[in-house]
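Below is the file target.txt, which contains compact mmCIF, C-alpha atoms.
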```txt
# COMPACT_ATOMS: atom_id res chain seq x y z
CA MET V 10 0.00 0.00 0.00
CA GLN V 11 1.46 3.35 -1.03
CA LEU V 12 0.98 6.21 1.41
CA ASN V 13 0.48 9.84 0.46
CA GLY V 14 -0.76 11.89 3.38
CA ILE V 15 0.10 14.10 6.30
CA PHE V 16 0.81 12.51 9.68
CA ILE V 17 1.04 14.06 13.14
CA VAL V 18 3.72 12.49 15.31
CA ALA V 19 5.97 13.30 18.26
CA ASP V 20 9.62 12.90 17.30
CA LEU V 21 11.70 11.46 20.12
CA ASN V 22 14.94 13.28 20.96
CA THR V 23 16.20 11.61 24.11
CA GLU V 24 18.37 8.69 25.16
CA VAL V 25 15.32 6.52 24.46
CA ALA V 26 15.39 7.67 20.83
CA ILE V 27 19.02 6.59 20.53
CA LYS V 28 18.16 3.12 21.86
CA ILE V 29 15.23 2.79 19.46
CA ARG V 30 17.29 4.06 16.53
CA ASP V 31 19.95 1.42 17.26
CA ILE V 32 17.23 -1.25 17.14
CA ASN V 33 15.86 0.22 13.88
CA LEU V 34 19.35 0.23 12.33
CA ARG V 35 19.92 -3.40 13.28
CA PHE V 36 16.53 -4.86 12.34
CA ASP V 37 14.98 -2.41 9.86
CA PRO V 38 17.56 -0.21 8.09
CA LYS V 39 14.92 1.08 5.66
CA LEU V 40 12.86 2.44 8.56
CA ALA V 41 15.97 3.90 10.19
CA ALA V 42 16.90 5.67 6.95
CA SER V 43 13.46 7.16 6.42
CA ARG V 44 12.42 8.50 9.85
CA GLN V 45 13.75 9.19 13.29
CA PRO V 46 12.04 7.35 16.14
CA HIS V 47 8.65 8.87 16.90
CA VAL V 48 5.28 8.26 18.47
CA THR V 49 2.46 8.28 15.94
CA ILE V 50 -0.44 10.51 17.08
CA THR V 51 -2.58 10.56 13.92
CA GLY V 52 -2.30 8.94 10.52
CA SER V 53 -2.31 5.24 11.23
CA SER V 54 -4.69 4.71 14.12
CA GLY V 55 -7.58 6.64 15.60
CA ALA V 56 -7.54 9.04 12.64
CA GLY V 57 -6.23 8.48 9.15
CA PRO V 58 -3.77 10.76 7.36
CA ILE V 59 -4.61 14.35 6.53
CA PRO V 60 -5.05 14.73 2.76
CA PRO V 61 -1.88 16.22 1.22
CA THR V 62 -3.96 18.99 -0.36
CA VAL V 63 -4.69 20.58 3.04
CA ASP V 64 -2.73 23.81 3.47
CA VAL V 65 0.00 23.66 6.13
CA ALA V 66 -0.97 27.14 7.39
CA ASP V 67 -4.49 25.84 8.09
CA ILE V 68 -3.08 22.85 9.96
CA GLU V 69 -0.87 25.16 12.00
CA THR V 70 -3.80 27.46 12.82
CA MET V 71 -5.73 24.51 14.22
CA LEU V 72 -2.82 22.80 16.00
CA ARG V 73 -1.06 25.80 17.59
CA PRO V 74 -3.69 26.44 20.33
CA ILE V 75 -3.67 22.73 21.19
CA ALA V 76 0.14 22.68 21.48
CA GLN V 77 0.14 25.88 23.54
CA SER V 78 -2.35 24.44 26.02
CA THR V 79 -0.82 20.95 26.30
CA ALA V 80 1.96 20.30 28.79
CA PRO V 81 4.90 18.08 27.91
CA MET V 82 4.25 14.52 29.06
CA GLN V 83 6.33 11.74 30.54
CA LEU V 84 5.24 8.30 29.33
CA ARG V 85 6.46 4.72 29.47
CA PHE V 86 6.48 2.15 26.70
CA GLY V 87 4.91 -1.23 27.26
CA LYS V 88 6.41 -4.53 26.14
CA PRO V 89 6.90 -4.82 22.37
CA GLN V 90 4.08 -6.41 20.44
CA ARG V 91 3.10 -7.16 16.89
CA PHE V 92 0.87 -4.39 15.62
CA LEU V 93 -2.52 -6.02 15.09
CA GLN V 94 -1.00 -9.45 14.43
CA SER V 95 1.08 -8.14 11.51
CA GLU V 96 4.83 -8.32 10.82
CA ILE V 97 5.17 -4.83 12.34
CA VAL V 98 6.66 -4.70 15.85
CA VAL V 99 5.91 -1.68 18.01
CA LEU V 100 6.46 -0.36 21.50
CA PRO V 101 2.94 0.47 22.69
CA LEU V 102 1.92 3.37 24.90
CA ASP V 103 -1.15 3.54 27.10
CA PRO V 104 -4.04 4.57 24.81
CA HIS V 105 -5.67 6.49 27.68
CA GLY V 106 -4.59 9.50 29.71
CA GLU V 107 -2.61 12.51 28.50
CA LEU V 108 -1.69 11.15 25.08
CA ARG V 109 -5.29 10.13 24.39
CA ARG V 110 -6.53 13.60 25.37
CA LEU V 111 -4.00 15.16 22.97
CA HIS V 112 -5.05 12.79 20.18
CA ASP V 113 -8.76 13.50 20.75
CA ARG V 114 -8.22 17.27 20.78
CA ILE V 115 -6.32 17.07 17.49
CA VAL V 116 -8.98 14.84 15.89
CA SER V 117 -11.76 17.24 16.94
CA SER V 118 -9.83 20.39 15.90
CA GLY V 119 -11.44 20.71 12.47
CA ILE V 120 -8.50 19.27 10.56
CA PRO V 121 -9.86 16.88 7.91
CA PHE V 122 -8.60 13.34 8.44
CA ALA V 123 -9.08 10.29 6.27
CA ARG V 124 -10.90 7.43 7.92
CA ALA V 125 -8.81 5.42 10.37
CA ARG V 126 -8.11 1.79 9.65
CA PHE V 127 -7.53 0.99 13.33
CA THR V 128 -8.60 2.23 16.76
CA PHE V 129 -6.18 4.60 18.50
CA THR V 130 -3.07 2.57 19.28
CA PRO V 131 -0.21 4.94 20.17
CA HIS V 132 3.17 3.39 19.55
CA CYS V 133 6.75 3.73 18.39
CA THR V 134 7.72 1.35 15.59
CA LEU V 135 10.70 -0.97 16.04
CA SER V 136 10.35 -2.85 12.74
CA LEU V 137 8.07 -1.99 9.82
CA TYR V 138 9.35 -3.28 6.48
CA PRO V 139 11.04 -6.68 6.77
CA THR V 140 9.35 -10.04 7.05
CA LEU V 141 10.37 -11.34 10.45
CA THR V 142 12.22 -14.58 10.96
CA PRO V 143 11.27 -16.42 14.16
CA GLU V 144 14.65 -15.44 15.65
CA THR V 145 14.24 -11.75 14.76
CA ALA V 146 10.68 -11.72 16.11
CA ARG V 147 11.84 -13.29 19.39
CA HIS V 148 14.62 -10.73 19.73
CA LEU V 149 12.40 -7.72 18.95
CA LEU V 150 9.63 -8.94 21.27
CA SER V 151 12.16 -9.34 24.10
CA VAL V 152 13.34 -5.70 23.91
CA ARG V 153 12.59 -3.63 27.01
CA ILE V 154 12.73 0.16 27.13
CA ASP V 155 12.24 1.01 30.80
CA ASP V 156 13.16 4.72 30.64
CA GLU V 157 10.46 7.36 30.54
CA VAL V 158 9.97 9.01 27.19
CA THR V 159 9.26 12.74 26.97
CA ILE V 160 6.69 14.02 24.51
CA ASN V 161 7.38 17.76 24.32
CA ARG V 162 6.27 18.70 20.81
CA ILE V 163 4.16 17.64 17.88
CA ASP V 164 5.62 17.27 14.41
CA VAL V 165 3.72 17.26 11.14
CA TYR V 166 5.12 15.28 8.20
CA HIS V 167 4.07 14.70 4.63
CA THR V 168 4.63 11.05 3.75
CA ASN V 169 4.61 10.17 0.06
CA ASP V 170 6.09 6.68 -0.31
CA PRO V 171 8.64 5.78 -1.46
CA GLN V 172 10.22 9.22 -0.83
CA PRO V 173 11.40 10.04 2.70
CA ALA V 174 8.88 11.86 4.87
CA ARG V 175 9.21 15.66 4.79
CA LYS V 176 8.72 17.73 7.95
CA LEU V 177 6.16 20.49 7.44
CA LEU V 178 5.71 21.85 10.94
CA GLU V 179 6.99 21.52 14.51
CA LEU V 180 5.09 22.88 17.50
CA PRO V 181 6.37 22.69 21.09
CA LEU V 182 3.98 21.63 23.84
CA THR V 183 4.06 24.64 26.15
CA GLY V 184 1.00 24.24 28.38
CA GLU V 185 1.23 23.95 32.14
CA ALA V 186 1.05 20.57 33.83
CA SER V 187 -2.24 19.98 35.60
CA ARG V 188 -2.09 19.85 39.36
CA ASN V 189 -3.95 16.74 40.51
```
Could I get this file's structure written as structure tokens?
Amino acid sequence: MQLNGIFIVADLNTEVAIKIRDINLRFDPKLAASRQPHVTITGSSGAGPIPPTVDVADIETMLRPIAQSTAPMQLRFGKPQRFLQSEIVVLPLDPHGELRRLHDRIVSSGIPFARARFTFTPHCTLSLYPTLTPETARHLLSVRIDDEVTINRIDVYHTNDPQPARKLLELPLTGEASRN
């Protein structure tokens, strides 16, 4: 399936990203060459991609207030799993809580999204392209990333396979943390 759409993600820029990138380089060099490690917010689950004809200025107008009112978040990855029983291996995140609220605010912002193929399943991809051997699958599924991951911005990319994704917009999350 060829993709041509706009995705909203959170690029990872911490020690966790370095660990994930090392895994990508070892097990999926094509993925490592095309994107830095990131958490997918919209485009693959919960909301489909934004059509590539949507103006970036319009996307920014709708996303900026959300980014300005959302505090950076500290999250933890779960154990690796196959994404919906496919060959894709991901590190899942809790689909509830802060990340879910951010996703829902983006989806209800007025930005036009294509229909989602899957329910919201936030994740970071470890392996996307190769067919897994039993040994590779065992290794990937045994990976543990115990460090917290910081989500402190949202990034908007145009993906038009087979070309590398192109960053269109980056917005820092600058809201205040809620006091519970």
Mind pulling up the distance from atom CA of V:Leu102 to atom CA of V:Pro74?
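Answer for the atom CA of V:Pro74 to atom CA of V:Leu102 separation: 24.2 Å.
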Do a neighbour search on V:Arg73 at 12 Å with only C-alpha atoms, toss out local chain neighbours closer than 4 positions, and write the hits as a list in words.
-> Val65, Ala66, Asp67, Ile68, Glu69, Gln77, Ser78, Thr79, Arg114, Ile115, Ser118, Arg162, Ile163, Asp164, Val165, Leu178, Glu179, Leu180, Pro181, Leu182, Thr183 and Gly184 of chain V
Hey, could you make a per-residue contact list for stretch 56-170 of chain V against stretch 14-23 of chain V with 12 Å as the cut-off, showing the nearest pair of atoms and its distance in Å to one decimal, counting only C-alpha atoms, sorted by chain and number, as a Markdown table?
```
| residue | atom | partner | partner_atom | distance |
| --- | --- | --- | --- | --- |
| V:Ala56 | CA | V:Phe16 | CA | 9.5 |
| V:Gly57 | CA | V:Phe16 | CA | 8.1 |
| V:Pro58 | CA | V:Gly14 | CA | 5.1 |
| V:Ile59 | CA | V:Ile15 | CA | 4.7 |
| V:Pro60 | CA | V:Gly14 | CA | 5.2 |
| V:Pro61 | CA | V:Gly14 | CA | 5.0 |
| V:Thr62 | CA | V:Gly14 | CA | 8.6 |
| V:Val63 | CA | V:Ile15 | CA | 8.7 |
| V:Asp64 | CA | V:Ile15 | CA | 10.5 |
| V:Val65 | CA | V:Ile15 | CA | 9.6 |
| V:Ile68 | CA | V:Ile15 | CA | 10.0 |
| V:Glu69 | CA | V:Ile17 | CA | 11.3 |
| V:Leu72 | CA | V:Ile17 | CA | 10.0 |
| V:Ala76 | CA | V:Ala19 | CA | 11.5 |
| V:Pro81 | CA | V:Ala19 | CA | 10.8 |
| V:Met82 | CA | V:Ala19 | CA | 11.0 |
| V:Gln83 | CA | V:Leu21 | CA | 11.7 |
| V:Leu84 | CA | V:Leu21 | CA | 11.7 |
| V:Leu108 | CA | V:Ala19 | CA | 10.5 |
| V:Leu111 | CA | V:Ile17 | CA | 11.1 |
| V:His112 | CA | V:Ile17 | CA | 9.4 |
| V:Ile115 | CA | V:Ile17 | CA | 9.1 |
| V:Val116 | CA | V:Ile17 | CA | 10.4 |
| V:Ile120 | CA | V:Ile15 | CA | 10.9 |
| V:Pro121 | CA | V:Ile15 | CA | 10.5 |
| V:Phe122 | CA | V:Ile15 | CA | 9.0 |
| V:Ala123 | CA | V:Gly14 | CA | 9.0 |
| V:Arg124 | CA | V:Gly14 | CA | 12.0 |
| V:Ala125 | CA | V:Phe16 | CA | 12.0 |
| V:Pro131 | CA | V:Val18 | CA | 9.8 |
| V:His132 | CA | V:Val18 | CA | 10.1 |
| V:Cys133 | CA | V:Leu21 | CA | 9.3 |
| V:Thr134 | CA | V:Leu21 | CA | 11.8 |
| V:Asp156 | CA | V:Thr23 | CA | 10.0 |
| V:Glu157 | CA | V:Thr23 | CA | 9.6 |
| V:Val158 | CA | V:Thr23 | CA | 7.4 |
| V:Thr159 | CA | V:Leu21 | CA | 7.4 |
| V:Ile160 | CA | V:Ala19 | CA | 6.3 |
| V:Asn161 | CA | V:Ala19 | CA | 7.7 |
| V:Arg162 | CA | V:Ala19 | CA | 6.0 |
| V:Ile163 | CA | V:Ala19 | CA | 4.7 |
| V:Asp164 | CA | V:Val18 | CA | 5.2 |
| V:Val165 | CA | V:Ile17 | CA | 4.6 |
| V:Tyr166 | CA | V:Phe16 | CA | 5.3 |
| V:His167 | CA | V:Ile15 | CA | 4.3 |
| V:Thr168 | CA | V:Gly14 | CA | 5.5 |
| V:Asn169 | CA | V:Gly14 | CA | 6.5 |
| V:Asp170 | CA | V:Gly14 | CA | 9.4 |
```
As a check of understanding: the span from atom CA of V:Ala41 to atom CA of V:Gly106 is 28.9 Å
If you count only C-alpha atoms, the residue of V:Ser136, V:Thr70, V:Gln172, V:Ser53 closest to V:Arg30 turns out to be V:Ser136
Surrounding residues of V:Ile32 excluding itself and chain neighbours under 5 positions, 12 Å, all atoms listed in the file, as a PyMOL selection string: chain V and resi 25-27+37-41+45-46+98-100+133-137+145+148-154
Mind dumping the selected residues with C-alpha atoms as a PDB file, keeping the file's coordinate frame?
```pdb
ATOM      1  CA  VAL V  25      15.320   6.520  24.460  1.00  0.00           C
ATOM      2  CA  ALA V  26      15.390   7.670  20.830  1.00  0.00           C
ATOM      3  CA  ILE V  27      19.020   6.590  20.530  1.00  0.00           C
ATOM      4  CA  ASP V  37      14.980  -2.410   9.860  1.00  0.00           C
ATOM      5  CA  PRO V  38      17.560  -0.210   8.090  1.00  0.00           C
ATOM      6  CA  LYS V  39      14.920   1.080   5.660  1.00  0.00           C
ATOM      7  CA  LEU V  40      12.860   2.440   8.560  1.00  0.00           C
ATOM      8  CA  ALA V  41      15.970   3.900  10.190  1.00  0.00           C
ATOM      9  CA  GLN V  45      13.750   9.190  13.290  1.00  0.00           C
ATOM     10  CA  PRO V  46      12.040   7.350  16.140  1.00  0.00           C
ATOM     11  CA  VAL V  98       6.660  -4.700  15.850  1.00  0.00           C
ATOM     12  CA  VAL V  99       5.910  -1.680  18.010  1.00  0.00           C
ATOM     13  CA  LEU V 100       6.460  -0.360  21.500  1.00  0.00           C
ATOM     14  CA  CYS V 133       6.750   3.730  18.390  1.00  0.00           C
ATOM     15  CA  THR V 134       7.720   1.350  15.590  1.00  0.00           C
ATOM     16  CA  LEU V 135      10.700  -0.970  16.040  1.00  0.00           C
ATOM     17  CA  SER V 136      10.350  -2.850  12.740  1.00  0.00           C
ATOM     18  CA  LEU V 137       8.070  -1.990   9.820  1.00  0.00           C
ATOM     19  CA  THR V 145      14.240 -11.750  14.760  1.00  0.00           C
ATOM     20  CA  HIS V 148      14.620 -10.730  19.730  1.00  0.00           C
ATOM     21  CA  LEU V 149      12.400  -7.720  18.950  1.00  0.00           C
ATOM     22  CA  LEU V 150       9.630  -8.940  21.270  1.00  0.00           C
ATOM     23  CA  SER V 151      12.160  -9.340  24.100  1.00  0.00           C
ATOM     24  CA  VAL V 152      13.340  -5.700  23.910  1.00  0.00           C
ATOM     25  CA  ARG V 153      12.590  -3.630  27.010  1.00  0.00           C
ATOM     26  CA  ILE V 154      12.730   0.160  27.130  1.00  0.00           C
TER      27      ILE V 154
END
```
Between atom CA of V:His47 and atom CA of V:Glu24 lies a distance of 12.8 Å
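With distances taken over only C-alpha atoms, V:Asp155 is the one residue among V:Ser117, V:Asp155, V:Gln94, V:Arg110 lying closest to V:Ile29.
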Closest of V:Asn33, V:Ser54, V:Asn13, V:Ser43 to V:Thr128, counting all atoms listed in the file, is V:Ser54
Using all atoms listed in the file, the residue out of V:Lys176, V:Arg109, V:Arg126, V:Arg147 with shortest distance to V:Ile50 is V:Arg109
